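S.K.: Would you mind keeping the following structure in view while I ask a few things?
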Amino acid sequence: MALYLDHTIVPAHDKEQSARFMAHILGLAYHGLFGHFAPVKVNEHLALDFDNRENFQSNHYAFLVTDEDFDAILGRVQEAGLKYGSGPRAQDDMQINHLHHGRGFYFRDENGHSWEFITHTYIKEEMLGDIGRPAAASVRQSG
């Protein structure tokens, strides 16, 4: 069975500003509004649909990325002068982690959402077979 998360709504105080910001951090393009959403197409399966909300709880979004994409995303976070950290309770220690045979880091956006990037899944390899690391192909898309 092939299941994919198609889209998720990301609540924001300013949906277009947030979409532009995350598109930049992820190395993706933002193409403007689609209906009342400000979508960022992550890959062929997933879109982050930013939507204005006045009151909302912050969420956690975790992405499994290649080593190349990890370095690029971390570089853009650092260039933006954002605080980042090695764990969910240490999101501003300016360190990355080296857990589960990979690397990872977290940062919070201006909406309070926690964004996590890891190069190796936390799920046990025995459960996955040989798919603990992402394919070498980059998650970035052109355009």
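Ordered as shown in the structure tokens, chains take letters A, B, and onward, while each chain numbers its residues from 1 and ligands are numbered from 1 in the order shown.
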Name the residues of chain A that come out as strand (DSSP E) in a backbone DSSP run; write them as an mmCIF file with N, CA and C atoms, in the first residue's frame.
M.R.:
data_model
loop_
_atom_site.group_PDB
_atom_site.id
_atom_site.type_symbol
_atom_site.label_atom_id
_atom_site.label_comp_id
_atom_site.auth_asym_id
_atom_site.auth_seq_id
_atom_site.Cartn_x
_atom_site.Cartn_y
_atom_site.Cartn_z
ATOM 1 N N HIS A 7 -0.943 17.011 1.906
ATOM 2 C CA HIS A 7 -0.757 18.377 2.362
ATOM 3 C C HIS A 7 -1.087 18.466 3.840
ATOM 4 N N THR A 8 -0.577 19.494 4.462
ATOM 5 C CA THR A 8 -0.924 19.786 5.844
ATOM 6 C C THR A 8 -1.052 21.295 5.975
ATOM 7 N N ILE A 9 -1.982 21.719 6.794
ATOM 8 C CA ILE A 9 -2.187 23.147 7.010
ATOM 9 C C ILE A 9 -1.241 23.614 8.103
ATOM 10 N N VAL A 10 -0.517 24.685 7.809
ATOM 11 C CA VAL A 10 0.409 25.288 8.758
ATOM 12 C C VAL A 10 -0.174 26.642 9.163
ATOM 13 N N PRO A 11 -0.697 26.754 10.380
ATOM 14 C CA PRO A 11 -1.275 28.030 10.801
ATOM 15 C C PRO A 11 -0.195 29.088 10.970
ATOM 16 N N ALA A 12 -0.527 30.318 10.582
ATOM 17 C CA ALA A 12 0.456 31.400 10.622
ATOM 18 C C ALA A 12 -0.234 32.730 10.905
ATOM 19 N N ALA A 38 -1.478 29.672 1.152
ATOM 20 C CA ALA A 38 -0.165 30.043 0.619
ATOM 21 C C ALA A 38 0.670 28.768 0.632
ATOM 22 N N PRO A 39 0.565 27.953 -0.443
ATOM 23 C CA PRO A 39 1.217 26.640 -0.417
ATOM 24 C C PRO A 39 2.689 26.680 -0.816
ATOM 25 N N VAL A 40 3.443 25.811 -0.182
ATOM 26 C CA VAL A 40 4.829 25.556 -0.566
ATOM 27 C C VAL A 40 4.892 24.075 -0.911
ATOM 28 N N LYS A 41 5.163 23.773 -2.170
ATOM 29 C CA LYS A 41 5.243 22.387 -2.639
ATOM 30 C C LYS A 41 6.614 21.842 -2.254
ATOM 31 N N ALA A 47 2.570 19.209 0.161
ATOM 32 C CA ALA A 47 2.524 20.669 0.173
ATOM 33 C C ALA A 47 2.278 21.146 1.599
ATOM 34 N N LEU A 48 2.952 22.212 1.973
ATOM 35 C CA LEU A 48 2.686 22.896 3.231
ATOM 36 C C LEU A 48 1.750 24.047 2.898
ATOM 37 N N ASP A 49 0.513 23.973 3.362
ATOM 38 C CA ASP A 49 -0.499 24.990 3.055
ATOM 39 C C ASP A 49 -0.604 25.963 4.219
ATOM 40 N N PHE A 50 0.089 27.082 4.102
ATOM 41 C CA PHE A 50 0.059 28.103 5.152
ATOM 42 C C PHE A 50 -1.280 28.827 5.100
ATOM 43 N N ASP A 51 -1.835 29.089 6.273
ATOM 44 C CA ASP A 51 -3.145 29.729 6.360
ATOM 45 C C ASP A 51 -3.160 30.657 7.566
ATOM 46 N N ASN A 52 -3.753 31.837 7.396
ATOM 47 C CA ASN A 52 -3.829 32.804 8.485
ATOM 48 C C ASN A 52 -4.741 32.320 9.599
ATOM 49 N N HIS A 60 4.826 20.787 15.406
ATOM 50 C CA HIS A 60 6.145 20.235 15.125
ATOM 51 C C HIS A 60 6.101 19.606 13.741
ATOM 52 N N TYR A 61 7.056 19.971 12.886
ATOM 53 C CA TYR A 61 7.153 19.427 11.536
ATOM 54 C C TYR A 61 8.548 18.838 11.385
ATOM 55 N N ALA A 62 8.635 17.545 11.071
ATOM 56 C CA ALA A 62 9.926 16.857 10.967
ATOM 57 C C ALA A 62 10.122 16.360 9.542
ATOM 58 N N PHE A 63 11.316 16.594 9.018
ATOM 59 C CA PHE A 63 11.644 16.205 7.649
ATOM 60 C C PHE A 63 12.884 15.328 7.637
ATOM 61 N N LEU A 64 12.800 14.237 6.907
ATOM 62 C CA LEU A 64 13.935 13.377 6.641
ATOM 63 C C LEU A 64 14.580 13.886 5.355
ATOM 64 N N TYR A 84 19.063 27.756 16.620
ATOM 65 C CA TYR A 84 18.736 26.360 16.328
ATOM 66 C C TYR A 84 19.339 25.504 17.416
ATOM 67 N N GLY A 85 18.931 24.245 17.448
ATOM 68 C CA GLY A 85 19.450 23.406 18.501
ATOM 69 C C GLY A 85 19.398 21.932 18.202
ATOM 70 N N GLY A 104 20.916 15.832 13.058
ATOM 71 C CA GLY A 104 19.624 16.485 13.159
ATOM 72 C C GLY A 104 19.729 17.830 13.854
ATOM 73 N N PHE A 105 18.733 18.688 13.589
ATOM 74 C CA PHE A 105 18.616 19.938 14.322
ATOM 75 C C PHE A 105 17.178 20.423 14.268
ATOM 76 N N TYR A 106 16.875 21.364 15.152
ATOM 77 C CA TYR A 106 15.552 21.964 15.284
ATOM 78 C C TYR A 106 15.695 23.476 15.264
ATOM 79 N N PHE A 107 14.632 24.167 14.832
ATOM 80 C CA PHE A 107 14.539 25.599 15.060
ATOM 81 C C PHE A 107 13.068 25.981 15.111
ATOM 82 N N ARG A 108 12.813 27.133 15.720
ATOM 83 C CA ARG A 108 11.444 27.643 15.800
ATOM 84 C C ARG A 108 11.290 28.825 14.851
ATOM 85 N N SER A 114 7.922 24.328 15.584
ATOM 86 C CA SER A 114 9.215 23.671 15.688
ATOM 87 C C SER A 114 9.454 22.880 14.410
ATOM 88 N N TRP A 115 10.559 23.184 13.728
ATOM 89 C CA TRP A 115 10.922 22.510 12.478
ATOM 90 C C TRP A 115 12.154 21.658 12.760
ATOM 91 N N GLU A 116 12.063 20.387 12.399
ATOM 92 C CA GLU A 116 13.145 19.435 12.647
ATOM 93 C C GLU A 116 13.632 18.862 11.322
ATOM 94 N N PHE A 117 14.942 18.719 11.205
ATOM 95 C CA PHE A 117 15.551 18.142 10.002
ATOM 96 C C PHE A 117 16.528 17.068 10.454
ATOM 97 N N ILE A 118 16.334 15.854 9.927
ATOM 98 C CA ILE A 118 17.175 14.716 10.301
ATOM 99 C C ILE A 118 17.650 14.008 9.037
#
S.K.: Tell me which protein, DNA and RNA residues are within 12 Å of Gln78 in chain A, counting only C-alpha atoms, leaving out same-chain ones fewer than 3 positions away, and put them as a list of chain:residue names.
M.R.: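 With the cut-off at 12 Å, the set is A:Ile25, A:Asp71, A:Ala72, A:Ile73, A:Leu74, A:Gly75, A:Gly81, A:Leu82, A:Lys83, A:Tyr84, A:Gly85, A:Asp92, A:Met94, A:Gln95, A:Ile96, A:Phe105, A:Tyr106, A:Phe107.
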S.K.: Can you list, as a ChimeraX atom specification, all residues belonging to range 60-117 of chain A that DSSP tags as helix (DSSP H, G or I)?
M.R.: /A:67-79
S.K.: In terms of the shortest atom-to-atom distance over only C-alpha atoms, which of A:His45, A:Gly87, A:Ala19, A:Asp93 is closest to Leu33 in chain A?
M.R.: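 Using only C-alpha atoms, Leu33 in chain A sits closest to A:Ala19.
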